[in-house]
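Following: one structure in structure tokens, then a few remarks.
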Amino acid sequence: MTDIDVMAATLLEESKRFLEKAQANVSDNEARDAYLHAALNIAFCSLEAHINSIAEDQLLRSDISLHERALLSERKVELVGGQFQIQTGLQMYRLEDRLQYLWTRFSTEPAFDKKTPAWGQLKAGLELRNGLTHPKFMVSLTVDSVRQSLSAVIEIIDIAYRRIYKRPFPAKGKDLHSTLAF
Amino acid sequence: MDTAVNTNPLKIKFVGANDPKQSANVEEKVREFVALFSPLEAETGEIMVFSDGRTKAHYCECHVRASKFVAHATTDVSLDPDEQGDYRANRDLVENHAAFERMKDDALKLRSFSNIVAEYNPDQNAENPLGVIGGQHRTEAIREALEAQVDEFHELKVYFGLDQEQRLDVQVISNTVIAVSGDLYDRMLETVKGPELRRWCQGVGLLDDAEDFGDKAHRGGSITVRLARAFIINFYEGKKSAGPDFDTADTSPIIPAVGVESSLWDDLRRKKPSIWEDVELKEAGKQFANLIFAQRKAFENKKGSSDYKEKALNIAIMAAWAYTAGFLSKNDARLKRHYGLSQKSGGDPLNSSALAKGKHKTDPHNYRGLGTRTDAKERGRLVELFYLQAEKGEGISPALVNVAIAKYHVKQGQLEVQKLQKALAEK
């Protein structure tokens with residue numbers, strides 16, 4: 001596995017472990033909240049790592065345009081001397097935009113149905129995560145809301161794998177049980 | 001012979017140890033059997049009844065027409081008709097086995113089967129008193145052939161007056177089969193086809209002089225017919241796919257089936273009689289023999305590395321290597337680098353430990369790394385790896401393994417799009 005694959009898998013296991021620890025500390029509010037913050041944040045870090053890993057694979061394709069290559073590698077494109085060129089500067093895209101691009105462009109399946117419950121749960125989770133990373137008001141997380149977000153992350157990665165690679169996401173079988181034991 | 005008529009009374013001659021009390025009962029049963037089945041031997045005026053020295057069981061060996069045999073025989077035989085009449089002695093028919101298909105085909109082509117083991121026991125089944133203990137597939141083949149008006153003689157070994165112990169003994173020995181492995185079956189079929197494949201393998205070094213193909217695939221053993229066929233088939237498959245754009249070509253090596261007639265191989269042999277003189281193929285064979293040798297040498301005197309030592313003979317690796325050699329046959333520079341893999345120093349040429357760590361994110365948790373399985377995915381990944389290696393010829397590294405695996409999955413996506421585009425264009 002590539003380094004980014006290992007990183008993506010590790011982050012997911014860490015997130016699940018933090019959720020387990022939050023569940024084990026329901027009576028200790030401070031510990032529970034800290035674990036929930038960690039679980040939610042790291043769940044989305046893992047999602048991003050998985051997306052980056054899929055994008056890295058697609059960069060090996062021979063049938064993608066320069067602009068697509070730039071999007072996949074999150075680099076800027078500029079017109080230099082009459083030609084488009086990929087620059088070293090970072091050009092970020094929204095997580096859900098990259099995800100939708102990947103599973104639309106590199107899948108032969110029909111358009112993804114955004115009414116799927118996992119998509120709604122993912123958006124709800126993203127809102128919570130954004131509230132946590134760019135706080136403007138008090139965000140209170142519950143074990144249930146984080147569990148739902150983490151499940152949505154796993155479900156979305158599985159959908160991406162099935163659409164792009166025609167194979168399931170292997171970690172989905174373990175559900176929310178972490179392989180870590182810290 | 002079956003038209004000759006002997007008017008003398010039939011003589012039953014007992015051979016071997018004999019109990020006079022038992023022989024009277026046996027003689028009566030033999031006469032019933034002769035009346036019902038008209039064995040060819042009765043026309044000589046004498047039926048010889050032998051006694052098995054081990055169990056004292058009585059039997060005769062004779063030839064019976066299919067029509068008589070089928071009319072009064074059954075394969076529905078119980079092990080213990082007195083106490084356990086519902087439990088069958090015979091295993092179930094293996095309907096889809098290649099050997100059974102061949103048997104049925106042979107029966108239609110007038111095959112005369114032999115050594116069908118049966119017991120004449122009207123007490124168990126008055127309507128079909130001949131219970132077939134050994135040879136139920138042959139019986140079925142004879143039955144089907146008879147429906148097509150094929151009425152040949154078949155040789156039977158018929159037991160009479162068995163007690164329970166003797167019956168069990170006969171059933172056990174009749175159903176003790178030393179299975180013929182698929183590889184041995186392939187070897188037999190290939191031998192019938194001619195010595196060319198064996199000679200070719202000996203010539204390029206895949207077999208030693210006077211060495212025959214292995215009768216079963218196992219680590220450290222001789223290469224099997226299946227491996228040799230896989231090598232040659234994939235060399236030509238690779239050649240067929242060769243073109244400028246490897247990234248969008250469907251590069252999937254094939255593994256011929258084992259233990260069955262291979263139409264793929266037969267077609268190749270028939271359509272390409274020049275195989276054995278093909279200089280390019282011969283060179284590929286020699287180079288692969290070098291790789292096997294180098295891989296084994298890298299693990300000489302090292303304990304616990306038999307899997308790595310024999311890595312080159314994993315059929316997926318062999319097929320993929322040969323496929324790549326065929327694909328690169330018109331690209332001298334890359335082909336040289338492909339062949340140069342066996343010359344890599346500083347570890348084993350296939351870098352088995354890097355292969356073992358090779359894994360894609362979609363692989364299940366129990367996947368043990370590249371070169372451990374033989375499925376289509378594995379073979380496709382290995383072609384990517386050998387092709388990539390031939391780009392620079394710097395050997396196999398963990399990074400190269402990862403890129404090869406990723407490229408395989410990306411290619412599958414591209415091929416899927418091509419397939420859909422083609423289908424759309426054909427509409």
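Naming works like this for the structure tokens: A, B, ... for the chains as they're shown, residue 1 at the start of each chain, ligands 1 onward in shown order.
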
Contacts between chain B and chain A, please, where a residue of chain A counts if it comes within 7 Å (with only C-alpha atoms); show its shortest atom pair and distance in Å to one decimal, rows by chain and ascending number, as JSON lines.
```
{"residue": "A:Met1", "atom": "CA", "partner": "B:Lys359", "partner_atom": "CA", "distance": 4.9}
{"residue": "A:Thr2", "atom": "CA", "partner": "B:Asn402", "partner_atom": "CA", "distance": 6.3}
{"residue": "A:Asp5", "atom": "CA", "partner": "B:Lys361", "partner_atom": "CA", "distance": 6.3}
{"residue": "A:Asp57", "atom": "CA", "partner": "B:Ala406", "partner_atom": "CA", "distance": 5.6}
{"residue": "A:Gln58", "atom": "CA", "partner": "B:Val410", "partner_atom": "CA", "distance": 6.2}
{"residue": "A:Leu60", "atom": "CA", "partner": "B:Lys407", "partner_atom": "CA", "distance": 6.3}
{"residue": "A:Arg61", "atom": "CA", "partner": "B:Val410", "partner_atom": "CA", "distance": 6.2}
{"residue": "A:Ser62", "atom": "CA", "partner": "B:Asp247", "partner_atom": "CA", "distance": 6.9}
{"residue": "A:Phe106", "atom": "CA", "partner": "B:Gly413", "partner_atom": "CA", "distance": 6.8}
{"residue": "A:Thr108", "atom": "CA", "partner": "B:Val417", "partner_atom": "CA", "distance": 6.7}
{"residue": "A:Tyr165", "atom": "CA", "partner": "B:His409", "partner_atom": "CA", "distance": 6.8}
{"residue": "A:Arg167", "atom": "CA", "partner": "B:Thr362", "partner_atom": "CA", "distance": 6.4}
{"residue": "A:Pro168", "atom": "CA", "partner": "B:Thr362", "partner_atom": "CA", "distance": 6.8}
{"residue": "A:Phe169", "atom": "CA", "partner": "B:Thr362", "partner_atom": "CA", "distance": 6.0}
{"residue": "A:Pro170", "atom": "CA", "partner": "B:Pro364", "partner_atom": "CA", "distance": 5.4}
```

Store the residues picked out above, limited to C-alpha atoms, as a PDB file, in the first residue's frame.
```pdb
ATOM      1  CA  MET A   1       0.000   0.000   0.000  1.00  0.00           C
ATOM      2  CA  THR A   2       1.158   3.541  -0.605  1.00  0.00           C
ATOM      3  CA  ASP A   5      -3.302   4.551   1.924  1.00  0.00           C
ATOM      4  CA  ASP A  57      -4.408   6.588  -8.554  1.00  0.00           C
ATOM      5  CA  GLN A  58      -6.318   8.482 -11.240  1.00  0.00           C
ATOM      6  CA  LEU A  60      -1.783   7.533 -13.520  1.00  0.00           C
ATOM      7  CA  ARG A  61      -4.436   7.540 -16.226  1.00  0.00           C
ATOM      8  CA  SER A  62      -3.461   8.479 -19.725  1.00  0.00           C
ATOM      9  CA  PHE A 106     -14.093   7.763 -13.185  1.00  0.00           C
ATOM     10  CA  THR A 108     -19.423   4.213 -15.647  1.00  0.00           C
ATOM     11  CA  TYR A 165     -12.932   0.389  -8.480  1.00  0.00           C
ATOM     12  CA  ARG A 167     -14.925  -3.241  -5.257  1.00  0.00           C
ATOM     13  CA  PRO A 168     -16.123  -2.659  -1.694  1.00  0.00           C
ATOM     14  CA  PHE A 169     -14.216  -0.674   0.880  1.00  0.00           C
ATOM     15  CA  PRO A 170     -12.522  -3.457   2.893  1.00  0.00           C
TER      16      PRO A 170
END
```

**Message:** Among stretch 126-240 of chain B, which residues does DSSP mark as helix (DSSP H, G or I) when it is run on the backbone? Keep the chain and numbering as in the structure and answer as a PyMOL selection string.
**Reply:** chain B and resi 136-147+164-174+182-193+196-204+225-240

For the residues in the current selection, export C-alpha atoms as a PDB file, in the first residue's frame.
```pdb
ATOM      1  CA  GLN B 136     -21.176 -46.558 -11.513  1.00  0.00           C
ATOM      2  CA  HIS B 137     -19.902 -43.881 -13.915  1.00  0.00           C
ATOM      3  CA  ARG B 138     -19.049 -46.557 -16.482  1.00  0.00           C
ATOM      4  CA  THR B 139     -22.501 -48.079 -15.939  1.00  0.00           C
ATOM      5  CA  GLU B 140     -24.144 -44.732 -16.608  1.00  0.00           C
ATOM      6  CA  ALA B 141     -21.991 -44.227 -19.714  1.00  0.00           C
ATOM      7  CA  ILE B 142     -22.968 -47.709 -20.948  1.00  0.00           C
ATOM      8  CA  ARG B 143     -26.631 -46.966 -20.237  1.00  0.00           C
ATOM      9  CA  GLU B 144     -26.546 -43.707 -22.211  1.00  0.00           C
ATOM     10  CA  ALA B 145     -24.684 -45.336 -25.089  1.00  0.00           C
ATOM     11  CA  LEU B 146     -27.228 -48.162 -25.202  1.00  0.00           C
ATOM     12  CA  GLU B 147     -29.937 -45.539 -25.709  1.00  0.00           C
ATOM     13  CA  GLN B 164     -21.712 -59.040   5.186  1.00  0.00           C
ATOM     14  CA  GLU B 165     -17.990 -58.901   5.916  1.00  0.00           C
ATOM     15  CA  GLN B 166     -17.044 -59.936   2.381  1.00  0.00           C
ATOM     16  CA  ARG B 167     -19.500 -57.448   0.920  1.00  0.00           C
ATOM     17  CA  LEU B 168     -18.018 -54.559   2.898  1.00  0.00           C
ATOM     18  CA  ASP B 169     -14.517 -55.606   1.879  1.00  0.00           C
ATOM     19  CA  VAL B 170     -15.465 -55.633  -1.809  1.00  0.00           C
ATOM     20  CA  GLN B 171     -17.160 -52.262  -1.516  1.00  0.00           C
ATOM     21  CA  VAL B 172     -14.192 -50.713   0.241  1.00  0.00           C
ATOM     22  CA  ILE B 173     -11.596 -51.940  -2.246  1.00  0.00           C
ATOM     23  CA  SER B 174     -13.805 -50.984  -5.191  1.00  0.00           C
ATOM     24  CA  GLY B 182      -5.165 -32.846 -13.043  1.00  0.00           C
ATOM     25  CA  ASP B 183      -1.472 -32.300 -13.733  1.00  0.00           C
ATOM     26  CA  LEU B 184      -0.889 -36.006 -14.312  1.00  0.00           C
ATOM     27  CA  TYR B 185      -3.910 -36.103 -16.592  1.00  0.00           C
ATOM     28  CA  ASP B 186      -2.482 -33.150 -18.545  1.00  0.00           C
ATOM     29  CA  ARG B 187       0.854 -34.951 -18.784  1.00  0.00           C
ATOM     30  CA  MET B 188      -0.817 -38.057 -20.147  1.00  0.00           C
ATOM     31  CA  LEU B 189      -2.781 -36.056 -22.722  1.00  0.00           C
ATOM     32  CA  GLU B 190       0.297 -34.115 -23.760  1.00  0.00           C
ATOM     33  CA  THR B 191       2.243 -37.343 -24.150  1.00  0.00           C
ATOM     34  CA  VAL B 192      -0.459 -38.580 -26.493  1.00  0.00           C
ATOM     35  CA  LYS B 193      -0.153 -35.367 -28.520  1.00  0.00           C
ATOM     36  CA  GLU B 196       7.288 -31.614 -28.746  1.00  0.00           C
ATOM     37  CA  LEU B 197       6.375 -29.690 -25.591  1.00  0.00           C
ATOM     38  CA  ARG B 198       8.637 -31.813 -23.405  1.00  0.00           C
ATOM     39  CA  ARG B 199      11.512 -31.492 -25.873  1.00  0.00           C
ATOM     40  CA  TRP B 200      10.978 -27.743 -26.114  1.00  0.00           C
ATOM     41  CA  CYS B 201      11.074 -27.378 -22.319  1.00  0.00           C
ATOM     42  CA  GLN B 202      14.213 -29.518 -22.129  1.00  0.00           C
ATOM     43  CA  GLY B 203      15.787 -27.463 -24.904  1.00  0.00           C
ATOM     44  CA  VAL B 204      15.255 -24.103 -23.205  1.00  0.00           C
ATOM     45  CA  VAL B 225       2.369 -29.308 -18.402  1.00  0.00           C
ATOM     46  CA  ARG B 226      -0.022 -26.556 -17.294  1.00  0.00           C
ATOM     47  CA  LEU B 227       2.871 -24.206 -16.492  1.00  0.00           C
ATOM     48  CA  ALA B 228       4.567 -24.928 -19.807  1.00  0.00           C
ATOM     49  CA  ARG B 229       1.338 -24.372 -21.703  1.00  0.00           C
ATOM     50  CA  ALA B 230       0.653 -21.157 -19.758  1.00  0.00           C
ATOM     51  CA  PHE B 231       4.091 -19.859 -20.707  1.00  0.00           C
ATOM     52  CA  ILE B 232       3.684 -20.464 -24.425  1.00  0.00           C
ATOM     53  CA  ILE B 233       0.045 -19.391 -24.642  1.00  0.00           C
ATOM     54  CA  ASN B 234       0.789 -16.112 -22.873  1.00  0.00           C
ATOM     55  CA  PHE B 235       3.873 -15.360 -24.914  1.00  0.00           C
ATOM     56  CA  TYR B 236       1.679 -15.423 -28.016  1.00  0.00           C
ATOM     57  CA  GLU B 237      -1.185 -13.614 -26.291  1.00  0.00           C
ATOM     58  CA  GLY B 238       1.246 -10.842 -25.393  1.00  0.00           C
ATOM     59  CA  LYS B 239       2.489 -10.698 -28.963  1.00  0.00           C
ATOM     60  CA  LYS B 240      -1.081 -10.452 -30.193  1.00  0.00           C
TER      61      LYS B 240
END
```

**Item:** Pick from A:Thr88, A:Thr179, A:Ser149, A:Ser27 nearest to A:Gly125, counting only C-alpha atoms
**Value:**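 Closest to A:Gly125, using only C-alpha atoms: A:Ser149.
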
**Pick from B:Ala73, B:Ala376, B:Met318, B:Ala423 nearest to B:Pro129, counting only C-alpha atoms** =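 The answer is B:Ala73, which sits nearest to B:Pro129.
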
**Item:** Shell around A:His67 at 9 Å using only C-alpha atoms, local window under 5 positions removed, as a list in words
**Value:**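 Non-adjacent residues within range: Leu72, Lys76, Val77, Phe84, Gln85 and Ile86 of chain A.
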
With N, CA and C atoms retained, could you export that selection as a PDB file, in the first residue's frame?
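Result went into out-v3.pdb, see below:
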```pdb
ATOM      1  N   LEU A  72      -6.991  17.028  -9.719  1.00  0.00           N
ATOM      2  CA  LEU A  72      -6.675  15.818  -8.948  1.00  0.00           C
ATOM      3  C   LEU A  72      -5.517  16.054  -7.981  1.00  0.00           C
ATOM      4  N   LYS A  76      -2.642  24.787  -9.019  1.00  0.00           N
ATOM      5  CA  LYS A  76      -3.181  25.857  -9.871  1.00  0.00           C
ATOM      6  C   LYS A  76      -2.770  25.619 -11.321  1.00  0.00           C
ATOM      7  N   VAL A  77      -3.628  26.126 -12.227  1.00  0.00           N
ATOM      8  CA  VAL A  77      -3.257  26.108 -13.650  1.00  0.00           C
ATOM      9  C   VAL A  77      -3.148  27.555 -14.106  1.00  0.00           C
ATOM     10  N   PHE A  84      -1.317  26.408 -21.222  1.00  0.00           N
ATOM     11  CA  PHE A  84      -1.701  26.120 -19.843  1.00  0.00           C
ATOM     12  C   PHE A  84      -0.611  25.282 -19.201  1.00  0.00           C
ATOM     13  N   GLN A  85      -0.278  25.675 -17.973  1.00  0.00           N
ATOM     14  CA  GLN A  85       0.737  24.902 -17.241  1.00  0.00           C
ATOM     15  C   GLN A  85       0.294  24.724 -15.792  1.00  0.00           C
ATOM     16  N   ILE A  86       0.595  23.548 -15.250  1.00  0.00           N
ATOM     17  CA  ILE A  86       0.282  23.302 -13.840  1.00  0.00           C
ATOM     18  C   ILE A  86       1.375  23.946 -12.998  1.00  0.00           C
TER      19      ILE A  86
END
```

**Item:** Residues of stretch 118-239 of chain B in strand (DSSP E or B), written as number ranges by chain
**Value:** B: 118-120, 130-134, 153-160

**Prompt:** Using only C-alpha atoms, which residues sit within 7 Å of B:Arg337 once same-chain residues fewer than 4 positions away are excluded, as number ranges by chain?
**Reply:** B: 333, 341, 390, 393

**Request:** Please provide the set of residues having any atom within 6 Å of stretch 154-163 of chain B, restricted to only C-alpha atoms, with same-chain residues fewer than 6 positions apart removed, written as an MDAnalysis selection string.
**Result:** chainID B and resid 26 58:64 112:120

**Item:** Residues within 12 Å of B:Gly340, only C-alpha atoms, excluding chain neighbours under 4 positions, as a list in words
**Value:** Ala284, Gln287, Phe288, Asn290, Leu291, Ala294, Ala325, Asp332, Ala333, Arg334, Leu335, Lys336, Lys344, Ser345, Pro349, Leu350, Phe386, Gln389, Ala390, Glu391, Lys392, Gly393, Glu394, Gly395 and Ile396 of chain B

I need the chosen residues saved as an mmCIF file, in the first residue's frame, with N, CA and C atoms.
```
data_model
loop_
_atom_site.group_PDB
_atom_site.id
_atom_site.type_symbol
_atom_site.label_atom_id
_atom_site.label_comp_id
_atom_site.auth_asym_id
_atom_site.auth_seq_id
_atom_site.Cartn_x
_atom_site.Cartn_y
_atom_site.Cartn_z
ATOM 1 N N ALA B 284 12.748 -16.496 -25.056
ATOM 2 C CA ALA B 284 11.942 -16.167 -23.862
ATOM 3 C C ALA B 284 12.000 -17.330 -22.874
ATOM 4 N N GLN B 287 15.339 -17.363 -21.156
ATOM 5 C CA GLN B 287 15.458 -16.264 -20.198
ATOM 6 C C GLN B 287 14.630 -16.531 -18.940
ATOM 7 N N PHE B 288 13.484 -17.164 -19.122
ATOM 8 C CA PHE B 288 12.677 -17.458 -17.939
ATOM 9 C C PHE B 288 13.337 -18.551 -17.097
ATOM 10 N N ASN B 290 16.442 -18.862 -16.797
ATOM 11 C CA ASN B 290 17.480 -18.119 -16.061
ATOM 12 C C ASN B 290 16.895 -17.453 -14.812
ATOM 13 N N LEU B 291 15.688 -16.914 -14.987
ATOM 14 C CA LEU B 291 15.043 -16.240 -13.857
ATOM 15 C C LEU B 291 14.728 -17.248 -12.740
ATOM 16 N N ALA B 294 18.029 -17.998 -11.065
ATOM 17 C CA ALA B 294 18.536 -16.883 -10.250
ATOM 18 C C ALA B 294 17.712 -16.712 -8.977
ATOM 19 N N ALA B 325 6.905 -10.600 -22.137
ATOM 20 C CA ALA B 325 7.952 -10.896 -23.127
ATOM 21 C C ALA B 325 7.359 -10.869 -24.534
ATOM 22 N N ASP B 332 13.155 -4.040 -28.752
ATOM 23 C CA ASP B 332 14.402 -4.676 -28.304
ATOM 24 C C ASP B 332 14.940 -4.127 -26.989
ATOM 25 N N ALA B 333 14.904 -2.786 -26.864
ATOM 26 C CA ALA B 333 15.502 -2.162 -25.679
ATOM 27 C C ALA B 333 14.770 -2.605 -24.409
ATOM 28 N N ARG B 334 13.450 -2.541 -24.482
ATOM 29 C CA ARG B 334 12.663 -2.920 -23.294
ATOM 30 C C ARG B 334 12.737 -4.425 -23.034
ATOM 31 N N LEU B 335 12.747 -5.177 -24.126
ATOM 32 C CA LEU B 335 12.801 -6.631 -23.975
ATOM 33 C C LEU B 335 14.113 -7.030 -23.279
ATOM 34 N N LYS B 336 15.167 -6.345 -23.634
ATOM 35 C CA LYS B 336 16.474 -6.625 -23.023
ATOM 36 C C LYS B 336 16.398 -6.359 -21.518
ATOM 37 N N LYS B 344 19.687 -9.231 -11.881
ATOM 38 C CA LYS B 344 19.728 -8.252 -10.786
ATOM 39 C C LYS B 344 20.434 -8.833 -9.572
ATOM 40 N N SER B 345 21.337 -8.056 -9.038
ATOM 41 C CA SER B 345 22.062 -8.534 -7.848
ATOM 42 C C SER B 345 21.519 -7.818 -6.602
ATOM 43 N N PRO B 349 15.839 -11.652 -7.647
ATOM 44 C CA PRO B 349 15.414 -10.820 -8.782
ATOM 45 C C PRO B 349 13.960 -10.388 -8.720
ATOM 46 N N LEU B 350 13.106 -11.219 -8.164
ATOM 47 C CA LEU B 350 11.685 -10.836 -8.117
ATOM 48 C C LEU B 350 11.364 -9.975 -6.903
ATOM 49 N N PHE B 386 5.837 -6.049 -14.569
ATOM 50 C CA PHE B 386 6.948 -6.429 -15.461
ATOM 51 C C PHE B 386 7.139 -5.383 -16.563
ATOM 52 N N GLN B 389 8.831 -2.406 -15.000
ATOM 53 C CA GLN B 389 10.229 -2.725 -14.711
ATOM 54 C C GLN B 389 11.067 -2.590 -15.982
ATOM 55 N N ALA B 390 10.473 -3.011 -17.101
ATOM 56 C CA ALA B 390 11.218 -2.982 -18.366
ATOM 57 C C ALA B 390 11.434 -1.556 -18.872
ATOM 58 N N GLU B 391 10.719 -0.594 -18.279
ATOM 59 C CA GLU B 391 10.873 0.806 -18.699
ATOM 60 C C GLU B 391 12.274 1.309 -18.387
ATOM 61 N N LYS B 392 12.732 1.047 -17.161
ATOM 62 C CA LYS B 392 14.067 1.509 -16.788
ATOM 63 C C LYS B 392 15.018 0.355 -16.505
ATOM 64 N N GLY B 393 14.466 -0.793 -16.229
ATOM 65 C CA GLY B 393 15.310 -1.967 -15.966
ATOM 66 C C GLY B 393 16.070 -1.882 -14.665
ATOM 67 N N GLU B 394 15.495 -1.165 -13.700
ATOM 68 C CA GLU B 394 16.208 -1.004 -12.420
ATOM 69 C C GLU B 394 15.778 -2.033 -11.378
ATOM 70 N N GLY B 395 15.045 -3.015 -11.801
ATOM 71 C CA GLY B 395 14.606 -4.049 -10.861
ATOM 72 C C GLY B 395 13.275 -3.721 -10.222
ATOM 73 N N ILE B 396 12.829 -4.626 -9.375
ATOM 74 C CA ILE B 396 11.522 -4.467 -8.731
ATOM 75 C C ILE B 396 11.710 -3.851 -7.341
#
```
